[in-house]
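work.csv follows; it contains CSV, C-alpha atoms.
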```csv
chain,number,residue,atom,x,y,z
A,19,MET,CA,69.4,-43.1,10.8
A,20,THR,CA,71.0,-41.1,13.6
A,21,THR,CA,69.3,-40.7,16.9
A,22,ALA,CA,68.8,-36.9,16.3
A,23,VAL,CA,67.1,-37.6,12.9
A,24,ALA,CA,65.0,-40.3,14.5
A,25,LEU,CA,63.8,-37.9,17.2
A,26,LEU,CA,63.0,-35.3,14.6
A,27,ALA,CA,61.1,-37.8,12.4
A,28,GLY,CA,59.2,-39.0,15.5
A,29,SER,CA,58.2,-35.5,16.4
A,30,ALA,CA,57.0,-34.8,12.8
A,31,ILE,CA,54.9,-38.0,12.8
A,32,ALA,CA,53.4,-37.2,16.2
A,33,TRP,CA,52.5,-33.7,15.1
A,34,ALA,CA,50.9,-34.9,11.9
A,35,GLN,CA,48.8,-37.4,13.7
A,36,LEU,CA,47.3,-34.8,16.0
A,37,ARG,CA,45.4,-33.2,13.1
A,38,THR,CA,43.3,-34.2,10.1
A,39,PRO,CA,45.6,-35.7,7.4
A,40,LEU,CA,46.2,-33.3,4.5
A,41,PRO,CA,47.0,-34.2,0.9
A,42,GLY,CA,50.7,-34.9,0.8
A,43,ASP,CA,51.0,-36.3,4.3
A,44,PRO,CA,52.5,-39.8,4.8
A,45,LEU,CA,50.4,-42.7,5.9
A,46,SER,CA,49.1,-42.7,9.4
A,47,GLY,CA,51.1,-45.0,11.7
A,48,ILE,CA,54.4,-44.6,9.8
A,49,THR,CA,57.5,-45.4,11.8
A,50,PRO,CA,60.5,-43.0,12.1
A,51,VAL,CA,62.6,-45.2,9.7
A,52,GLU,CA,59.8,-45.2,7.2
A,53,PHE,CA,59.3,-41.5,7.6
A,54,GLU,CA,63.0,-41.0,6.8
A,55,GLU,CA,62.5,-43.0,3.6
A,56,PHE,CA,59.5,-40.9,2.8
A,57,ARG,CA,61.4,-37.7,3.4
A,58,LEU,CA,64.3,-38.9,1.2
A,59,GLY,CA,61.8,-39.8,-1.5
A,60,LEU,CA,60.1,-36.4,-1.2
A,61,ASP,CA,63.5,-34.6,-1.6
A,62,ASP,CA,64.2,-36.6,-4.8
A,63,PHE,CA,60.7,-35.9,-6.0
A,64,LEU,CA,61.3,-32.2,-5.7
A,65,GLU,CA,64.8,-32.1,-7.1
A,66,VAL,CA,65.2,-30.2,-10.3
A,67,GLU,CA,67.4,-32.3,-12.6
A,68,THR,CA,70.1,-30.9,-14.9
A,69,ALA,CA,71.7,-32.1,-18.1
A,70,GLU,CA,74.8,-32.9,-16.1
A,71,GLU,CA,72.7,-35.3,-14.0
A,72,GLY,CA,71.2,-37.0,-17.1
A,73,LEU,CA,68.2,-34.8,-17.8
A,74,GLY,CA,67.1,-35.3,-21.4
A,75,PRO,CA,68.1,-35.1,-24.1
A,76,ALA,CA,64.3,-35.3,-24.6
A,77,PHE,CA,62.0,-34.8,-21.6
A,78,ASN,CA,58.6,-33.6,-20.4
A,79,GLY,CA,59.7,-32.1,-17.1
A,80,ALA,CA,62.8,-31.4,-15.0
A,81,SER,CA,61.4,-32.9,-11.8
A,82,CYS,CA,58.6,-35.3,-10.6
A,83,ALA,CA,56.9,-32.4,-8.8
A,84,VAL,CA,56.6,-30.4,-12.1
A,85,CYS,CA,53.8,-32.8,-13.1
A,86,HIS,CA,52.5,-34.1,-9.7
A,87,ASN,CA,51.7,-31.0,-7.7
A,88,VAL,CA,47.9,-30.5,-7.5
A,89,PRO,CA,46.7,-30.0,-4.7
A,90,ALA,CA,50.0,-31.0,-3.1
A,91,ILE,CA,53.2,-32.8,-4.1
A,92,GLY,CA,52.3,-36.2,-5.3
A,93,GLY,CA,49.0,-35.2,-6.7
A,94,ALA,CA,47.7,-34.7,-10.2
A,95,GLY,CA,48.8,-32.0,-12.7
A,96,THR,CA,48.0,-30.1,-15.8
A,97,ILE,CA,51.0,-30.9,-18.0
A,98,ALA,CA,49.9,-33.6,-20.6
A,99,GLU,CA,52.3,-35.9,-22.3
A,100,ILE,CA,51.8,-36.7,-26.0
A,101,ARG,CA,51.6,-40.1,-27.5
A,102,ALA,CA,51.2,-41.0,-31.1
A,103,GLY,CA,51.0,-44.0,-33.5
A,104,ARG,CA,49.2,-45.0,-36.6
A,105,ARG,CA,46.1,-47.1,-37.5
A,106,ASP,CA,46.5,-49.0,-40.7
A,107,ALA,CA,43.8,-49.5,-43.4
A,108,SER,CA,42.4,-52.5,-41.4
A,109,GLY,CA,42.1,-50.4,-38.3
A,110,ARG,CA,44.9,-52.1,-36.5
A,111,PHE,CA,47.1,-50.0,-34.3
A,112,GLN,CA,50.8,-49.9,-35.1
A,113,THR,CA,53.7,-48.1,-33.4
A,114,LEU,CA,55.8,-45.8,-35.6
A,115,ASP,CA,59.1,-47.7,-35.4
A,116,ALA,CA,60.5,-51.0,-34.1
A,117,THR,CA,61.1,-49.7,-30.6
A,118,GLY,CA,57.4,-49.8,-29.8
A,119,GLU,CA,57.6,-46.4,-28.2
A,120,THR,CA,54.6,-44.1,-28.5
A,121,LEU,CA,55.8,-41.1,-26.4
A,122,PHE,CA,56.9,-37.8,-28.0
A,123,HIS,CA,58.6,-35.4,-25.6
A,124,LEU,CA,57.6,-31.8,-25.2
A,125,PHE,CA,61.2,-30.5,-24.7
A,126,SER,CA,64.8,-31.2,-25.4
A,127,ILE,CA,68.1,-29.8,-24.2
A,128,PRO,CA,68.7,-27.0,-26.8
A,129,ALA,CA,72.4,-27.7,-27.4
A,130,HIS,CA,71.7,-31.3,-28.0
A,131,GLY,CA,69.2,-31.0,-30.8
A,132,CYS,CA,67.5,-34.2,-30.0
A,133,GLN,CA,63.8,-33.2,-30.1
A,134,ALA,CA,61.6,-36.0,-31.3
A,135,ILE,CA,59.2,-34.9,-34.0
A,136,VAL,CA,55.9,-36.7,-34.7
A,137,PRO,CA,56.2,-38.1,-38.3
A,138,PRO,CA,53.5,-37.3,-40.9
A,139,GLU,CA,52.3,-41.0,-41.1
A,140,ALA,CA,51.0,-40.7,-37.5
A,141,ASN,CA,47.2,-40.7,-37.4
A,142,VAL,CA,46.5,-41.6,-33.8
A,143,PHE,CA,47.3,-38.9,-31.2
A,144,ALA,CA,46.7,-39.0,-27.4
A,145,ARG,CA,47.2,-36.7,-24.5
A,146,ARG,CA,47.6,-38.0,-21.0
A,147,VAL,CA,47.6,-36.0,-17.8
A,148,PRO,CA,49.4,-37.2,-14.6
A,149,ILE,CA,47.6,-39.6,-12.2
A,150,PRO,CA,47.5,-38.6,-8.5
A,151,LEU,CA,49.8,-40.8,-6.4
A,152,PHE,CA,48.1,-40.5,-3.1
A,153,GLY,CA,47.7,-43.9,-1.4
A,154,ALA,CA,49.8,-45.6,-4.1
A,155,GLY,CA,51.4,-48.0,-1.5
A,156,LEU,CA,48.0,-49.3,-0.5
A,157,VAL,CA,47.2,-49.9,-4.1
A,158,GLU,CA,50.5,-51.8,-4.6
A,159,ALA,CA,49.6,-54.0,-1.6
A,160,ILE,CA,46.3,-55.2,-3.1
A,161,PRO,CA,46.9,-58.8,-4.1
A,162,ASP,CA,46.8,-59.8,-7.8
A,163,ASP,CA,44.2,-62.4,-7.0
A,164,THR,CA,41.8,-59.8,-5.7
A,165,ILE,CA,41.9,-57.9,-9.0
A,166,VAL,CA,41.6,-61.1,-11.0
A,167,ALA,CA,38.5,-62.1,-9.0
A,168,LEU,CA,36.7,-59.0,-10.3
A,169,GLU,CA,37.3,-59.5,-14.0
A,170,ASP,CA,34.5,-60.6,-16.3
A,171,PRO,CA,36.0,-60.5,-19.8
A,172,PHE,CA,33.0,-62.3,-21.4
A,173,ASP,CA,30.3,-60.4,-19.5
A,174,ARG,CA,28.9,-63.6,-18.0
A,175,ASP,CA,26.5,-61.8,-15.8
A,176,ARG,CA,25.1,-59.8,-18.8
A,177,ASP,CA,25.3,-56.4,-17.2
A,178,GLY,CA,27.2,-55.0,-20.1
A,179,VAL,CA,30.5,-54.7,-18.2
A,180,SER,CA,33.4,-56.9,-19.2
A,181,GLY,CA,36.5,-55.6,-17.5
A,182,ARG,CA,39.7,-57.6,-17.5
A,183,ALA,CA,42.9,-57.7,-15.5
A,184,ALA,CA,46.1,-56.5,-17.2
A,185,ARG,CA,48.5,-59.4,-17.2
A,186,ILE,CA,52.0,-58.0,-17.7
A,187,GLU,CA,55.6,-58.7,-17.1
A,188,ASP,CA,56.7,-56.3,-14.4
A,189,ALA,CA,59.8,-54.5,-15.7
A,190,ALA,CA,61.5,-54.3,-12.2
A,191,THR,CA,61.1,-57.9,-11.2
A,192,GLY,CA,60.6,-59.8,-14.4
A,193,GLU,CA,57.6,-61.5,-12.8
A,194,ARG,CA,54.2,-62.1,-14.4
A,195,ARG,CA,51.9,-59.8,-12.5
A,196,ILE,CA,48.6,-57.9,-12.6
A,197,GLY,CA,49.2,-54.3,-13.6
A,198,ARG,CA,47.5,-51.5,-11.6
A,199,PHE,CA,49.6,-48.3,-12.2
A,200,GLY,CA,49.3,-46.0,-15.2
A,201,TRP,CA,46.4,-45.2,-17.5
A,202,LYS,CA,46.8,-48.6,-19.2
A,203,SER,CA,47.7,-50.6,-16.0
A,204,GLN,CA,51.1,-51.1,-17.6
A,205,HIS,CA,53.0,-51.4,-14.3
A,206,ALA,CA,52.4,-53.6,-11.3
A,207,THR,CA,55.0,-52.2,-8.8
A,208,LEU,CA,55.9,-48.7,-7.7
A,209,LEU,CA,59.6,-49.3,-8.5
A,210,SER,CA,58.8,-50.0,-12.2
A,211,PHE,CA,56.2,-47.2,-12.4
A,212,GLY,CA,58.7,-44.7,-11.0
A,213,ALA,CA,61.6,-46.0,-13.1
A,214,ASP,CA,59.5,-45.7,-16.2
A,215,ALA,CA,58.6,-42.1,-15.4
A,216,TYR,CA,62.2,-41.2,-14.7
A,217,ARG,CA,63.3,-42.4,-18.1
A,218,ASN,CA,60.2,-41.3,-20.1
A,219,GLU,CA,59.4,-38.0,-18.4
A,220,MET,CA,62.9,-36.8,-17.5
A,221,GLY,CA,65.1,-38.8,-19.8
A,222,ILE,CA,67.1,-40.3,-17.0
A,223,THR,CA,68.0,-43.9,-17.6
A,224,ASN,CA,68.2,-46.4,-14.8
A,225,ASP,CA,68.6,-50.0,-13.9
A,226,VAL,CA,65.0,-50.9,-15.0
A,227,PHE,CA,64.8,-48.7,-18.1
A,228,SER,CA,68.4,-48.4,-19.4
A,229,ALA,CA,67.9,-47.1,-22.9
A,230,GLU,CA,67.2,-43.5,-23.9
A,231,ALA,CA,63.9,-42.9,-25.7
A,232,ALA,CA,63.6,-40.2,-28.4
A,233,TYR,CA,61.7,-41.1,-31.6
A,234,GLY,CA,63.7,-40.6,-34.8
A,235,VAL,CA,67.0,-40.0,-33.1
A,236,THR,CA,69.6,-42.5,-34.4
A,237,ALA,CA,71.9,-44.3,-32.0
A,238,GLU,CA,74.9,-42.3,-33.4
A,239,ARG,CA,73.1,-39.0,-32.9
A,240,MET,CA,72.0,-40.1,-29.4
A,241,ARG,CA,75.6,-40.6,-28.5
A,242,ALA,CA,76.3,-37.0,-29.5
A,243,CYS,CA,73.2,-35.8,-27.8
A,244,ASP,CA,73.7,-37.7,-24.6
A,245,PRO,CA,77.4,-38.2,-23.6
A,246,ILE,CA,76.6,-39.4,-20.1
A,247,GLY,CA,76.9,-43.2,-19.7
A,248,ASP,CA,73.8,-45.3,-18.9
A,249,PRO,CA,72.3,-45.9,-16.5
A,250,GLU,CA,72.3,-42.3,-15.4
A,251,ASP,CA,70.5,-43.0,-12.1
A,252,ILE,CA,73.3,-44.3,-9.8
A,253,ALA,CA,73.1,-45.1,-6.1
A,254,ASP,CA,74.0,-42.3,-3.6
A,255,PRO,CA,77.2,-43.5,-1.8
A,256,ARG,CA,75.8,-42.3,1.5
A,257,THR,CA,72.5,-44.0,1.5
A,258,ARG,CA,73.1,-46.7,-1.2
A,259,ARG,CA,69.8,-45.8,-2.7
A,260,ARG,CA,69.1,-44.9,-6.3
A,261,GLY,CA,66.6,-42.2,-7.3
A,262,ILE,CA,64.1,-44.9,-8.3
A,263,ASP,CA,64.3,-46.4,-4.8
A,264,ASN,CA,63.5,-43.0,-3.3
A,265,PHE,CA,60.6,-42.4,-5.7
A,266,ALA,CA,59.2,-45.8,-4.8
A,267,SER,CA,59.5,-45.1,-1.1
A,268,PHE,CA,57.8,-41.7,-1.4
A,269,MET,CA,54.9,-43.1,-3.3
A,270,ARG,CA,54.6,-46.2,-1.0
A,271,PHE,CA,54.3,-44.1,2.2
A,272,LEU,CA,52.2,-41.3,0.7
A,273,GLY,CA,48.8,-41.3,2.4
A,274,PRO,CA,45.5,-41.3,0.6
A,275,VAL,CA,43.2,-38.3,0.5
A,276,ALA,CA,40.6,-38.4,3.3
A,277,ARG,CA,37.0,-37.9,2.5
A,278,GLU,CA,35.5,-34.5,3.3
A,279,GLY,CA,32.8,-35.6,5.8
A,280,SER,CA,29.4,-37.0,5.2
A,281,SER,CA,25.9,-35.6,4.9
A,282,GLU,CA,22.4,-36.9,4.2
A,283,GLN,CA,22.8,-35.7,0.6
A,284,THR,CA,26.2,-37.3,0.0
A,285,ARG,CA,25.0,-40.6,1.6
A,286,ALA,CA,22.0,-40.6,-0.7
A,287,GLY,CA,24.3,-39.8,-3.6
A,288,GLU,CA,26.5,-42.8,-2.9
A,289,GLN,CA,23.5,-45.0,-2.9
A,290,VAL,CA,22.4,-43.6,-6.3
A,291,PHE,CA,26.0,-44.0,-7.6
A,292,ALA,CA,25.7,-47.8,-6.8
A,293,ALA,CA,22.1,-48.1,-8.0
A,294,ILE,CA,22.8,-46.9,-11.6
A,295,GLY,CA,25.8,-49.1,-12.0
A,296,CYS,CA,28.8,-46.8,-11.4
A,297,ALA,CA,30.1,-48.9,-8.6
A,298,THR,CA,30.4,-51.9,-10.9
A,299,CYS,CA,33.7,-50.5,-12.1
A,300,HIS,CA,34.3,-47.8,-9.5
A,301,ARG,CA,34.3,-50.3,-6.6
A,302,PRO,CA,34.2,-48.4,-3.3
A,303,VAL,CA,36.7,-50.5,-1.4
A,304,LEU,CA,39.3,-53.2,-2.2
A,305,ASN,CA,41.5,-54.7,0.5
A,306,THR,CA,45.3,-55.2,0.8
A,307,GLY,CA,46.6,-58.7,1.5
A,308,PRO,CA,48.5,-60.0,4.5
A,309,SER,CA,51.7,-58.1,5.1
A,310,SER,CA,54.5,-58.1,7.8
A,311,ASN,CA,54.1,-54.3,7.7
A,312,PRO,CA,51.1,-53.2,9.7
A,313,LEU,CA,50.6,-50.2,7.4
A,314,PHE,CA,49.6,-52.6,4.6
A,315,ASP,CA,48.3,-55.6,6.5
A,316,ARG,CA,44.7,-56.3,5.4
A,317,LYS,CA,43.7,-52.7,5.1
A,318,PRO,CA,40.6,-51.4,3.3
A,319,VAL,CA,41.5,-49.2,0.3
A,320,ALA,CA,38.7,-46.8,-0.5
A,321,LEU,CA,39.9,-46.0,-4.0
A,322,PHE,CA,36.6,-46.4,-6.0
A,323,SER,CA,38.2,-48.5,-8.7
A,324,ASP,CA,38.4,-52.2,-9.7
A,325,LEU,CA,41.8,-51.6,-11.3
A,326,LEU,CA,40.6,-53.4,-14.4
A,327,LEU,CA,40.8,-52.4,-18.1
A,328,HIS,CA,37.5,-51.4,-19.6
A,329,GLU,CA,36.3,-50.0,-22.9
A,330,VAL,CA,34.0,-47.1,-21.8
A,331,GLY,CA,34.3,-44.7,-24.7
A,332,THR,CA,37.2,-42.7,-23.3
A,333,GLY,CA,40.2,-44.7,-24.5
A,334,ASP,CA,43.0,-42.9,-26.2
A,335,GLY,CA,43.6,-45.2,-29.2
A,336,ILE,CA,47.1,-46.3,-28.0
A,337,VAL,CA,47.9,-50.0,-27.5
A,338,GLN,CA,50.2,-50.3,-24.5
A,339,GLY,CA,51.2,-53.2,-22.2
A,340,ALA,CA,48.2,-55.6,-22.0
A,341,ALA,CA,45.7,-52.8,-22.9
A,342,GLU,CA,44.0,-52.5,-26.3
A,343,ALA,CA,43.6,-49.2,-28.0
A,344,ASP,CA,40.2,-48.3,-26.6
A,345,GLU,CA,40.8,-49.7,-23.1
A,346,ILE,CA,41.6,-47.7,-20.1
A,347,ARG,CA,42.1,-48.6,-16.4
A,348,THR,CA,39.3,-47.6,-14.2
A,349,PRO,CA,40.5,-44.3,-12.6
A,350,ALA,CA,40.5,-44.3,-8.9
A,351,LEU,CA,38.0,-41.6,-7.6
A,352,TRP,CA,39.4,-41.0,-4.1
A,353,GLY,CA,40.6,-37.4,-4.0
A,354,LEU,CA,38.3,-36.5,-7.0
A,355,ARG,CA,37.2,-33.3,-5.4
A,356,LEU,CA,40.8,-32.0,-5.4
A,357,ARG,CA,41.6,-32.5,-9.0
A,358,ARG,CA,40.8,-31.0,-12.4
A,359,PRO,CA,40.8,-31.5,-15.3
A,360,LEU,CA,39.4,-35.0,-15.5
A,361,LEU,CA,39.6,-38.1,-17.8
A,362,HIS,CA,43.0,-39.3,-19.2
A,363,ASP,CA,43.4,-36.4,-21.5
A,364,GLY,CA,42.1,-33.6,-19.2
A,365,SER,CA,39.2,-32.9,-21.6
A,366,ALA,CA,36.4,-32.9,-18.9
A,367,ALA,CA,36.1,-29.8,-16.8
A,368,THR,CA,33.7,-31.3,-14.2
A,369,ALA,CA,32.6,-34.7,-12.9
A,370,GLU,CA,29.3,-34.3,-14.8
A,371,ASP,CA,31.2,-33.7,-18.0
A,372,ALA,CA,33.2,-36.9,-17.4
A,373,ILE,CA,30.1,-39.0,-16.7
A,374,ARG,CA,28.4,-37.8,-19.9
A,375,ARG,CA,31.5,-38.8,-21.9
A,376,HIS,CA,31.1,-42.5,-20.8
A,377,GLY,CA,29.9,-45.1,-23.3
A,378,GLY,CA,30.7,-48.7,-24.2
A,379,GLU,CA,30.6,-50.8,-21.1
A,380,ALA,CA,29.5,-47.7,-19.1
A,381,GLU,CA,26.6,-46.9,-21.5
A,382,LEU,CA,23.9,-48.1,-19.1
A,383,ALA,CA,25.4,-46.3,-16.2
A,384,ARG,CA,25.6,-43.1,-18.2
A,385,ARG,CA,22.0,-43.4,-19.3
A,386,GLY,CA,21.0,-44.0,-15.7
A,387,PHE,CA,22.7,-40.8,-14.7
A,388,GLU,CA,20.9,-38.8,-17.5
A,389,GLN,CA,17.5,-40.2,-16.4
A,390,LEU,CA,17.9,-39.2,-12.8
A,391,SER,CA,15.7,-36.7,-11.2
A,392,ASP,CA,17.3,-33.3,-10.5
A,393,ALA,CA,17.5,-34.1,-6.8
A,394,ASP,CA,19.2,-37.5,-7.4
A,395,ARG,CA,21.6,-36.0,-9.9
A,396,ALA,CA,22.5,-33.3,-7.4
A,397,ALA,CA,23.0,-35.9,-4.7
A,398,ILE,CA,25.4,-38.0,-6.8
A,399,LEU,CA,27.4,-34.9,-7.8
A,400,ALA,CA,27.5,-33.9,-4.1
A,401,PHE,CA,28.8,-37.4,-3.3
A,402,LEU,CA,31.6,-37.1,-5.9
A,403,ARG,CA,32.6,-33.7,-4.5
A,404,SER,CA,33.0,-35.3,-1.1
A,405,ILE,CA,35.5,-38.0,-2.0
```

Could you rewrite the structure in this file as structure tokens?
Amino acid sequence: MTTAVALLAGSAIAWAQLRTPLPGDPLSGITPVEFEEFRLGLDDFLEVETAEEGLGPAFNGASCAVCHNVPAIGGAGTIAEIRAGRRDASGRFQTLDATGETLFHLFSIPAHGCQAIVPPEANVFARRVPIPLFGAGLVEAIPDDTIVALEDPFDRDRDGVSGRAARIEDAATGERRIGRFGWKSQHATLLSFGADAYRNEMGITNDVFSAEAAYGVTAERMRACDPIGDPEDIADPRTRRRGIDNFASFMRFLGPVAREGSSEQTRAGEQVFAAIGCATCHRPVLNTGPSSNPLFDRKPVALFSDLLLHEVGTGDGIVQGAAEADEIRTPALWGLRLRRPLLHDGSAATAEDAIRRHGGEAELARRGFEQLSDADRAAILAFLRSI
């Protein structure tokens, strides 16, 4: 980085740290070099891709920001992807072809004619809305062992909750890891998470996911649809960074959403939240492990999630990664006040709607909520509006 750029970055950081952090701000304490990586990542996140750059032939959006923009770039969104499969006569989930893919894209490049069409044998359908990315670098820095220590797959303490860690092979590193990104905890690192989205949501192949995905499109037809060689994401000769490197940096240095103050009512609501069992899965704080980077070195992460897979009656019927059809990763609640709609499919308009949809392992917590006094129910909802 040039001296001039370093000075500009330093000024931007100093200005940001004089005020209350806003959604979309980088982590507090970021260095000028890290800020430049964050800025490069934000530029790529905003870039609108074209067919000449590899967009498509089937895709859901032409940029990352198309889906992640509420209430700021990197947040949630309202565009839902579509997934499908089939359940056989015995109730077992099956993908619709040998690739194991379940994603069906919303759009395609018109001249290519490579729009995937859901076949008639599909009988499982799922919608998934984008997950906010605020604080993702802190989540990445939580040790696998911390997540594993929280699991209780056999409900040994008999509280009805039996979450389990998603043991996966990380696509970017090839290592056995504990997943924590995606609705099914199908990714362990931001590099693989971003690379998956680049291929799946924009149709841009890369070093981690090098094959185009479009259901029902033969290899011969794909060659006609997509004449650009794979991988389509190549390193910038000036920075030596690929798009997927920039995406990972943007997410890694993106700050979490700060809580909106505290009051007697919100403090009471947080106590009620824990008392009825919500905090069993929505754990208020996890901690990052030791790190050479002070941004991530043994930091509290107030995400309100255990990052485990649970069956709580809101699963989408899709088997993916280590997750069974009815399992879903506990959604992190930090920043909840700034996002709508809720649940994986966007079917809940309010936090109260989402709570009342809970069942399975969350049955007792939901019943506890329904049995609260009006004052306690108002307190817990006020608490949720404050985070």

How many Å lie between atom CA of A:Val179 and atom CA of A:Glu288, rounded to one decimal?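 According to the coordinates, atom CA of A:Val179 and atom CA of A:Glu288 are separated by 19.8 Å.
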
If we draw a sphere of 8 Å around (66.6, -33.0, -23.4), which residues have at least one atom in it when counting only C-alpha atoms? Please report them as a VMD selection string. chain A and resid 69 73 to 77 125 to 128 130 132 to 133 220 to 221

Dump of C-alpha atoms for the selected residues, as a compact mmCIF listing (two decimals), in the coordinates of the input:
```
# COMPACT_ATOMS: atom_id res chain seq x y z
CA ALA A 69 71.70 -32.10 -18.10
CA LEU A 73 68.20 -34.80 -17.80
CA GLY A 74 67.10 -35.30 -21.40
CA PRO A 75 68.10 -35.10 -24.10
CA ALA A 76 64.30 -35.30 -24.60
CA PHE A 77 62.00 -34.80 -21.60
CA PHE A 125 61.20 -30.50 -24.70
CA SER A 126 64.80 -31.20 -25.40
CA ILE A 127 68.10 -29.80 -24.20
CA PRO A 128 68.70 -27.00 -26.80
CA HIS A 130 71.70 -31.30 -28.00
CA CYS A 132 67.50 -34.20 -30.00
CA GLN A 133 63.80 -33.20 -30.10
CA MET A 220 62.90 -36.80 -17.50
CA GLY A 221 65.10 -38.80 -19.80
```

So which one's closest to A:Ala372, A:Arg384, A:Pro274, A:Glu71, A:Gly109? Using all atoms listed in the file, please. A:Arg384

Given the choices A:Trp201, A:Phe227, A:Phe172, A:Phe53, which gets closest to A:Gln338 if the distance is worked out from only C-alpha atoms? A:Trp201

Show me, as an NGL selection string, the residues that have an atom within 10 Å of stretch 59-67 of chain A when counting all atoms listed in the file, minus same-chain residues fewer than 5 positions from it. :A and (42 or 53-54 or 72-74 or 79-84 or 86-87 or 91-92 or 220-222 or 260-272)

Can I get the selected residues back with C-alpha atoms, as an mmCIF file, in the coordinates of the input?
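Listed below is the output, selection.cif:
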```cif
data_model
loop_
_atom_site.group_PDB
_atom_site.id
_atom_site.type_symbol
_atom_site.label_atom_id
_atom_site.label_comp_id
_atom_site.auth_asym_id
_atom_site.auth_seq_id
_atom_site.Cartn_x
_atom_site.Cartn_y
_atom_site.Cartn_z
ATOM 1 C CA GLY A 42 50.700 -34.900 0.800
ATOM 2 C CA PHE A 53 59.300 -41.500 7.600
ATOM 3 C CA GLU A 54 63.000 -41.000 6.800
ATOM 4 C CA GLY A 72 71.200 -37.000 -17.100
ATOM 5 C CA LEU A 73 68.200 -34.800 -17.800
ATOM 6 C CA GLY A 74 67.100 -35.300 -21.400
ATOM 7 C CA GLY A 79 59.700 -32.100 -17.100
ATOM 8 C CA ALA A 80 62.800 -31.400 -15.000
ATOM 9 C CA SER A 81 61.400 -32.900 -11.800
ATOM 10 C CA CYS A 82 58.600 -35.300 -10.600
ATOM 11 C CA ALA A 83 56.900 -32.400 -8.800
ATOM 12 C CA VAL A 84 56.600 -30.400 -12.100
ATOM 13 C CA HIS A 86 52.500 -34.100 -9.700
ATOM 14 C CA ASN A 87 51.700 -31.000 -7.700
ATOM 15 C CA ILE A 91 53.200 -32.800 -4.100
ATOM 16 C CA GLY A 92 52.300 -36.200 -5.300
ATOM 17 C CA MET A 220 62.900 -36.800 -17.500
ATOM 18 C CA GLY A 221 65.100 -38.800 -19.800
ATOM 19 C CA ILE A 222 67.100 -40.300 -17.000
ATOM 20 C CA ARG A 260 69.100 -44.900 -6.300
ATOM 21 C CA GLY A 261 66.600 -42.200 -7.300
ATOM 22 C CA ILE A 262 64.100 -44.900 -8.300
ATOM 23 C CA ASP A 263 64.300 -46.400 -4.800
ATOM 24 C CA ASN A 264 63.500 -43.000 -3.300
ATOM 25 C CA PHE A 265 60.600 -42.400 -5.700
ATOM 26 C CA ALA A 266 59.200 -45.800 -4.800
ATOM 27 C CA SER A 267 59.500 -45.100 -1.100
ATOM 28 C CA PHE A 268 57.800 -41.700 -1.400
ATOM 29 C CA MET A 269 54.900 -43.100 -3.300
ATOM 30 C CA ARG A 270 54.600 -46.200 -1.000
ATOM 31 C CA PHE A 271 54.300 -44.100 2.200
ATOM 32 C CA LEU A 272 52.200 -41.300 0.700
#
```

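Atom CA of A:Ile48 is found 9.9 Å from atom CA of A:Asn311.
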